[in-house]
Amino acid sequence: MRKKIVAGNWKMFKTNSEAVRLVQSLRTRVEKSPVKKNTVIVCPPYTALEKVSGILQGSGIQVGAQNLFWEEEGAYTGEISAKMIKSTGAKWVIIGHSERRRYFKEDENLIHRKIQIALKNKLKVIFCVGETLEEREENLTKDIVGNQVEWGLKDFTHQQLNQVVIAYEPVWAIGTGKTATPEQAQEVHAFIRDILNALFDDTVGRNMTILYGGSVKPQNAEGLFQQPDIDGGLIGGACLKADSFHRIIKAAEKVY
Ligand code: 13P
């Protein structure tokens with residue numbers, strides 16, 4: 001059975017006091033209606049990681065960072081290492097998000113190095129892939145996503161791949177309110193499994209948790225989660241309020 005996950009990417013939102021309020025409220029909700037089957041992860045900004053980890057201790061909700069640097073340590077002003085992230089209590093890190101690819105020019109090679117350093121330091125990885133609108137319109141979705149998966153995960157062992165989940169996030173669906181239809185998402189998720197089978201073997205394709213991200217809301221979560229190859233969601237905007245994030249968590253509990 002593949003692990004099912006609902007993860008929230010807070011992006012550059014929430015001061016520490018706002019972060020505290022959000023996770024306290026989330027914790028209260030989850031205590032009233034417990035998460036029995038699935039994994040829930042919140043990914044606040046670096047500045048709130050330690051506080052959020054503390055508040056969520058014992059709640060079953062896990063914590064992740066949104067990025068890291070590709071070296072262990074050194075003179076890299078402003079950067080954050082895998083060890084620093086681990087020291088906050090976080091267990092996960094998002095790597096390869098389209099906003100990092102776009103605004104910070106992160107390419108496949110750099111993303112691969114980031115995944116490597118994360119795994120070396122025993123951080124689990126949410127590895128994001130996805131095509132832009134232009135690429136989709138030019139019928140390049142499979143080329144782009146296939147290439148991202150291949151380069152991002154190249155040479156990893158089965159054991160390492162067990163510590164990775166993939167998030168398919170079509171760029172045109174992020175923050176736009178334009179969700180991929182369940183069928184559109186399903187098609188790419190099934191394709192990603194085929195690529196993994198071709199690159200490694202069919203146990204990898206079968207066992208990989210693949211999340212969908214891009215305008216997931218309480219109203220559309222269930223339809224997406226019902227698809228056979230969708231194993232949960234990576235949520236942006238809708239995770240910034242405890243109520244809507246919790247409704248998505250409940251949708252996953254209902255479906256899986
Ligand atoms: P939205 O849910 O706001 O579209 O963001 C998705 C996302 O980028 C999660 O990483």
# chains A, B, ... in the order shown; residues from 1 in each chain; ligands from 1
$ residues_near_ligand --ligand "ligand 1" --cutoff "8 Å" --atoms "only C-alpha atoms and all ligand atoms" --output "VMD selection string"
chain A and resid 8 to 11 97 to 99 128 169 171 173 to 177 179 213 to 217 234 to 239
$ write_last_selection --atoms "N, CA and C atoms" --output "CSV table (one decimal), in the first residue's frame"
chain,number,residue,atom,x,y,z
A,8,GLY,N,1.0,20.6,3.3
A,8,GLY,CA,0.7,22.1,3.1
A,8,GLY,C,2.0,22.8,2.9
A,9,ASN,N,2.1,23.5,1.8
A,9,ASN,CA,3.2,24.4,1.5
A,9,ASN,C,2.8,25.8,1.7
A,10,TRP,N,3.3,26.4,2.8
A,10,TRP,CA,2.9,27.7,3.2
A,10,TRP,C,3.5,28.8,2.4
A,11,LYS,N,4.5,28.5,1.6
A,11,LYS,CA,5.3,29.5,0.8
A,11,LYS,C,5.7,30.6,1.7
A,97,HIS,N,10.4,22.8,-6.4
A,97,HIS,CA,9.1,23.5,-6.6
A,97,HIS,C,9.2,24.5,-7.8
A,98,SER,N,8.2,24.6,-8.6
A,98,SER,CA,8.2,25.4,-9.8
A,98,SER,C,8.6,26.9,-9.5
A,99,GLU,N,8.2,27.3,-8.3
A,99,GLU,CA,8.6,28.7,-8.0
A,99,GLU,C,10.1,28.9,-7.8
A,128,CYS,N,9.1,18.1,-6.5
A,128,CYS,CA,8.1,18.6,-7.4
A,128,CYS,C,8.4,18.6,-8.8
A,169,GLU,N,2.9,19.0,-10.0
A,169,GLU,CA,2.2,20.3,-9.9
A,169,GLU,C,2.3,21.1,-11.2
A,171,VAL,N,2.3,23.9,-13.6
A,171,VAL,CA,2.6,25.3,-13.2
A,171,VAL,C,1.4,26.1,-13.5
A,173,ALA,N,-1.6,25.5,-13.0
A,173,ALA,CA,-2.7,25.3,-12.0
A,173,ALA,C,-2.3,25.8,-10.7
A,174,ILE,N,-1.1,26.4,-10.5
A,174,ILE,CA,-0.6,26.8,-9.2
A,174,ILE,C,-1.1,28.3,-9.0
A,175,GLY,N,-1.9,28.4,-7.9
A,175,GLY,CA,-2.3,29.8,-7.5
A,175,GLY,C,-3.2,30.4,-8.5
A,176,THR,N,-3.7,29.7,-9.5
A,176,THR,CA,-4.5,30.3,-10.6
A,176,THR,C,-6.0,30.0,-10.4
A,177,GLY,N,-6.3,29.1,-9.5
A,177,GLY,CA,-7.7,28.7,-9.3
A,177,GLY,C,-8.1,27.7,-10.4
A,179,THR,N,-7.7,24.3,-11.5
A,179,THR,CA,-7.2,23.0,-11.2
A,179,THR,C,-7.1,22.1,-12.4
A,213,GLY,N,-0.6,18.7,-7.0
A,213,GLY,CA,-0.7,20.1,-6.4
A,213,GLY,C,-1.1,21.0,-7.5
A,214,GLY,N,-1.8,22.1,-7.1
A,214,GLY,CA,-2.2,23.1,-8.0
A,214,GLY,C,-3.7,23.4,-7.8
A,215,SER,N,-4.0,24.4,-7.0
A,215,SER,CA,-5.4,24.8,-6.7
A,215,SER,C,-6.2,23.7,-6.2
A,216,VAL,N,-5.7,22.9,-5.3
A,216,VAL,CA,-6.5,21.9,-4.6
A,216,VAL,C,-7.2,22.7,-3.5
A,217,LYS,N,-8.5,22.4,-3.4
A,217,LYS,CA,-9.4,23.1,-2.5
A,217,LYS,C,-10.3,22.0,-1.8
A,234,LEU,N,-0.5,18.3,-2.5
A,234,LEU,CA,0.4,19.3,-2.0
A,234,LEU,C,-0.3,20.6,-2.1
A,235,ILE,N,-0.7,21.2,-1.0
A,235,ILE,CA,-1.7,22.3,-1.0
A,235,ILE,C,-1.0,23.6,-0.7
A,236,GLY,N,-1.3,24.6,-1.6
A,236,GLY,CA,-0.8,25.9,-1.3
A,236,GLY,C,-1.8,26.8,-0.6
A,237,GLY,N,-2.4,27.7,-1.3
A,237,GLY,CA,-3.4,28.7,-0.8
A,237,GLY,C,-4.3,28.1,0.3
A,238,ALA,N,-4.9,26.9,0.0
A,238,ALA,CA,-5.9,26.4,0.9
A,238,ALA,C,-5.3,25.8,2.2
A,239,CYS,N,-4.0,25.8,2.4
A,239,CYS,CA,-3.5,25.3,3.6
A,239,CYS,C,-3.2,26.5,4.6
$ select_by_dssp --residues "range 51-236 of chain A" --states "helix (DSSP H, G or I)" --output "MDAnalysis selection string"
chainID A and resid 51:56 82:87 98:103 108:120 133:137 141:153 158:161 171:173 182:199 202:207 218:225
$ atom_distance --atom1 "CA of Ile111 in chain A" --atom2 "CA of Phe156 in chain A"
13.3 Å
$ residues_around --residues "Asp231 in chain A" --least-positions-apart "2" --cutoff "12 Å" --atoms "only C-alpha atoms" --output "PyMOL selection string"
chain A and resi 1-7+38-39+165-168+185-186+189-190+206-213+221-229+233-234+252-253+255-256
$ write_last_selection --atoms "C-alpha atoms" --output "PDB file, in the first residue's frame"
ATOM      1  CA  MET A   1       0.000   0.000   0.000  1.00  0.00           C
ATOM      2  CA  ARG A   2       1.346   3.396  -0.960  1.00  0.00           C
ATOM      3  CA  LYS A   3       1.534   6.054   1.704  1.00  0.00           C
ATOM      4  CA  LYS A   4      -1.141   8.742   1.259  1.00  0.00           C
ATOM      5  CA  ILE A   5      -0.162  12.264   2.168  1.00  0.00           C
ATOM      6  CA  VAL A   6      -1.743  15.673   2.551  1.00  0.00           C
ATOM      7  CA  ALA A   7       0.988  18.303   2.727  1.00  0.00           C
ATOM      8  CA  ASN A  38      -2.861   9.236   6.201  1.00  0.00           C
ATOM      9  CA  THR A  39       0.232  11.339   6.748  1.00  0.00           C
ATOM     10  CA  VAL A 165       7.586  11.278  -2.770  1.00  0.00           C
ATOM     11  CA  ILE A 166       6.798  13.065  -6.019  1.00  0.00           C
ATOM     12  CA  ALA A 167       4.397  15.996  -6.324  1.00  0.00           C
ATOM     13  CA  TYR A 168       3.016  16.618  -9.790  1.00  0.00           C
ATOM     14  CA  ALA A 185      -3.882  14.787 -13.333  1.00  0.00           C
ATOM     15  CA  GLN A 186      -4.461  11.031 -13.404  1.00  0.00           C
ATOM     16  CA  HIS A 189       0.459  10.464 -12.561  1.00  0.00           C
ATOM     17  CA  ALA A 190       0.114   7.184 -14.461  1.00  0.00           C
ATOM     18  CA  ARG A 206       4.050   0.912  -7.923  1.00  0.00           C
ATOM     19  CA  ASN A 207       5.321   2.034  -4.529  1.00  0.00           C
ATOM     20  CA  MET A 208       6.005   5.712  -5.196  1.00  0.00           C
ATOM     21  CA  THR A 209       3.604   8.126  -3.514  1.00  0.00           C
ATOM     22  CA  ILE A 210       2.614  10.728  -6.093  1.00  0.00           C
ATOM     23  CA  LEU A 211       0.788  13.836  -4.881  1.00  0.00           C
ATOM     24  CA  TYR A 212      -1.120  16.313  -6.988  1.00  0.00           C
ATOM     25  CA  GLY A 213      -0.670  20.052  -6.411  1.00  0.00           C
ATOM     26  CA  ALA A 221      -9.976  17.420  -3.258  1.00  0.00           C
ATOM     27  CA  GLU A 222     -12.191  14.356  -3.146  1.00  0.00           C
ATOM     28  CA  GLY A 223     -12.503  14.071  -6.927  1.00  0.00           C
ATOM     29  CA  LEU A 224      -8.734  14.264  -7.306  1.00  0.00           C
ATOM     30  CA  PHE A 225      -7.994  11.814  -4.488  1.00  0.00           C
ATOM     31  CA  GLN A 226     -10.375   9.265  -6.033  1.00  0.00           C
ATOM     32  CA  GLN A 227      -8.097   8.810  -9.035  1.00  0.00           C
ATOM     33  CA  PRO A 228      -6.210   5.519  -8.871  1.00  0.00           C
ATOM     34  CA  ASP A 229      -2.737   7.039  -9.224  1.00  0.00           C
ATOM     35  CA  GLY A 233      -2.089  16.538  -2.383  1.00  0.00           C
ATOM     36  CA  LEU A 234       0.427  19.310  -1.971  1.00  0.00           C
ATOM     37  CA  ALA A 252      -8.339  12.228   2.114  1.00  0.00           C
ATOM     38  CA  GLU A 253      -9.467  10.254   5.178  1.00  0.00           C
ATOM     39  CA  VAL A 255     -11.336   8.505   0.132  1.00  0.00           C
ATOM     40  CA  TYR A 256      -8.273   6.486   1.187  1.00  0.00           C
TER      41      TYR A 256
END
$ select_by_dssp --residues "range 82-248 of chain A" --states "strand (DSSP E)" --output "ChimeraX atom specification"
/A:92-95,124-129,164-168,210-213,232-235
$ residues_around --residues "range 136-146 of chain A" --least-positions-apart "3" --cutoff "12 Å" --atoms "only C-alpha atoms" --output "PyMOL selection string"
chain A and resi 96+98+108+127-133+149-154+166-173+180+184-185+187-199
$ residues_around --residues "Gly54 in chain A" --least-positions-apart "4" --cutoff "10 Å" --atoms "only C-alpha atoms" --output "list of chain:residue names"
A:Val20, A:Leu49, A:Glu50, A:Gly58, A:Val63, A:Thr88, A:Gly89, A:Ala90
$ closest_residue --among "A:Pro45, A:Gly205, A:Gly74, A:Pro218" --to "Ile248 in chain A" --atoms "only C-alpha atoms"
A:Pro218
$ decode --residues "range 140-156 of chain A" --atoms "all heavy atoms" --output "tab-separated table (two decimals), in the first residue's frame"
chain	number	residue	atom	x	y	z
A	140	LEU	N	4.07	19.09	-24.80
A	140	LEU	CA	5.37	18.66	-24.29
A	140	LEU	C	5.30	18.14	-22.84
A	140	LEU	O	6.33	17.86	-22.23
A	140	LEU	CB	6.36	19.83	-24.35
A	140	LEU	CG	6.75	20.29	-25.75
A	140	LEU	CD1	7.60	21.57	-25.69
A	140	LEU	CD2	7.52	19.18	-26.48
A	141	THR	N	4.09	18.03	-22.31
A	141	THR	CA	3.95	17.67	-20.88
A	141	THR	C	4.78	16.43	-20.52
A	141	THR	O	5.55	16.46	-19.57
A	141	THR	CB	2.47	17.42	-20.54
A	141	THR	OG1	1.77	18.64	-20.80
A	141	THR	CG2	2.28	17.03	-19.08
A	142	LYS	N	4.64	15.38	-21.31
A	142	LYS	CA	5.32	14.14	-20.94
A	142	LYS	C	6.84	14.26	-21.10
A	142	LYS	O	7.59	13.71	-20.28
A	142	LYS	CB	4.77	12.96	-21.74
A	142	LYS	CG	3.34	12.65	-21.28
A	142	LYS	CD	2.73	11.45	-21.94
A	142	LYS	CE	1.34	11.23	-21.34
A	142	LYS	NZ	0.58	10.20	-22.06
A	143	ASP	N	7.28	14.99	-22.13
A	143	ASP	CA	8.74	15.19	-22.29
A	143	ASP	C	9.30	15.92	-21.08
A	143	ASP	O	10.34	15.53	-20.53
A	143	ASP	CB	9.04	16.04	-23.54
A	143	ASP	CG	8.68	15.29	-24.81
A	143	ASP	OD1	8.73	14.05	-24.78
A	143	ASP	OD2	8.36	15.95	-25.82
A	144	ILE	N	8.63	16.98	-20.70
A	144	ILE	CA	9.14	17.83	-19.61
A	144	ILE	C	9.12	17.06	-18.29
A	144	ILE	O	10.12	16.98	-17.58
A	144	ILE	CB	8.28	19.12	-19.49
A	144	ILE	CG1	8.40	19.98	-20.76
A	144	ILE	CG2	8.63	19.92	-18.23
A	144	ILE	CD1	9.75	20.58	-21.01
A	145	VAL	N	7.97	16.49	-17.96
A	145	VAL	CA	7.84	15.80	-16.67
A	145	VAL	C	8.76	14.57	-16.64
A	145	VAL	O	9.42	14.30	-15.64
A	145	VAL	CB	6.36	15.44	-16.41
A	145	VAL	CG1	6.22	14.54	-15.19
A	145	VAL	CG2	5.54	16.72	-16.22
A	146	GLY	N	8.82	13.86	-17.74
A	146	GLY	CA	9.69	12.68	-17.82
A	146	GLY	C	11.14	13.05	-17.57
A	146	GLY	O	11.85	12.40	-16.81
A	147	ASN	N	11.56	14.14	-18.20
A	147	ASN	CA	12.93	14.61	-18.04
A	147	ASN	C	13.21	15.05	-16.59
A	147	ASN	O	14.26	14.74	-16.02
A	147	ASN	CB	13.13	15.80	-18.99
A	147	ASN	CG	14.57	16.17	-19.12
A	147	ASN	OD1	15.40	15.34	-19.46
A	147	ASN	ND2	14.90	17.42	-18.81
A	148	GLN	N	12.26	15.75	-15.99
A	148	GLN	CA	12.44	16.20	-14.60
A	148	GLN	C	12.58	15.00	-13.66
A	148	GLN	O	13.45	14.98	-12.79
A	148	GLN	CB	11.25	17.07	-14.18
A	148	GLN	CG	11.22	18.43	-14.87
A	148	GLN	CD	9.93	19.19	-14.63
A	148	GLN	OE1	8.89	18.60	-14.28
A	148	GLN	NE2	9.97	20.50	-14.81
A	149	VAL	N	11.73	14.00	-13.87
A	149	VAL	CA	11.79	12.81	-13.01
A	149	VAL	C	13.12	12.09	-13.21
A	149	VAL	O	13.81	11.72	-12.26
A	149	VAL	CB	10.60	11.86	-13.29
A	149	VAL	CG1	10.78	10.52	-12.58
A	149	VAL	CG2	9.28	12.51	-12.88
A	150	GLU	N	13.49	11.93	-14.47
A	150	GLU	CA	14.71	11.17	-14.77
A	150	GLU	C	15.95	11.83	-14.17
A	150	GLU	O	16.75	11.18	-13.49
A	150	GLU	CB	14.86	11.04	-16.29
A	150	GLU	CG	16.12	10.29	-16.65
A	150	GLU	CD	16.21	9.96	-18.14
A	150	GLU	OE1	15.25	10.21	-18.89
A	150	GLU	OE2	17.27	9.45	-18.53
A	151	TRP	N	16.09	13.14	-14.37
A	151	TRP	CA	17.30	13.83	-13.89
A	151	TRP	C	17.28	14.03	-12.39
A	151	TRP	O	18.31	13.93	-11.72
A	151	TRP	CB	17.49	15.15	-14.63
A	151	TRP	CG	17.99	14.83	-16.00
A	151	TRP	CD1	17.21	14.62	-17.11
A	151	TRP	CD2	19.34	14.59	-16.39
A	151	TRP	NE1	18.00	14.26	-18.17
A	151	TRP	CE2	19.32	14.25	-17.76
A	151	TRP	CE3	20.57	14.63	-15.71
A	151	TRP	CZ2	20.48	13.94	-18.47
A	151	TRP	CZ3	21.72	14.34	-16.42
A	151	TRP	CH2	21.67	14.00	-17.78
A	152	GLY	N	16.11	14.31	-11.87
A	152	GLY	CA	16.02	14.54	-10.43
A	152	GLY	C	16.39	13.29	-9.64
A	152	GLY	O	17.04	13.36	-8.60
A	153	LEU	N	15.98	12.13	-10.13
A	153	LEU	CA	16.12	10.89	-9.35
A	153	LEU	C	17.23	9.97	-9.85
A	153	LEU	O	17.40	8.86	-9.33
A	153	LEU	CB	14.79	10.13	-9.34
A	153	LEU	CG	13.60	10.88	-8.73
A	153	LEU	CD1	12.36	10.00	-8.74
A	153	LEU	CD2	13.91	11.37	-7.32
A	154	LYS	N	18.00	10.44	-10.81
A	154	LYS	CA	18.96	9.54	-11.44
A	154	LYS	C	19.98	8.97	-10.44
A	154	LYS	O	20.43	9.66	-9.54
A	154	LYS	CB	19.60	10.24	-12.64
A	154	LYS	CG	20.98	10.78	-12.51
A	154	LYS	CD	21.40	11.42	-13.81
A	154	LYS	CE	21.80	12.85	-13.62
A	154	LYS	NZ	23.03	13.25	-13.12
A	155	ASP	N	20.23	7.69	-10.63
A	155	ASP	CA	21.24	6.96	-9.83
A	155	ASP	C	20.87	6.69	-8.37
A	155	ASP	O	21.71	6.22	-7.61
A	155	ASP	CB	22.61	7.66	-9.85
A	155	ASP	CG	23.15	7.79	-11.27
A	155	ASP	OD1	22.77	6.94	-12.11
A	155	ASP	OD2	23.91	8.73	-11.54
A	156	PHE	N	19.68	7.05	-7.96
A	156	PHE	CA	19.34	6.74	-6.57
A	156	PHE	C	19.00	5.26	-6.42
A	156	PHE	O	18.51	4.61	-7.35
A	156	PHE	CB	18.16	7.60	-6.07
A	156	PHE	CG	18.53	9.04	-5.85
A	156	PHE	CD1	17.69	10.06	-6.24
A	156	PHE	CD2	19.74	9.38	-5.24
A	156	PHE	CE1	18.04	11.39	-6.04
A	156	PHE	CE2	20.10	10.70	-5.04
A	156	PHE	CZ	19.25	11.71	-5.44
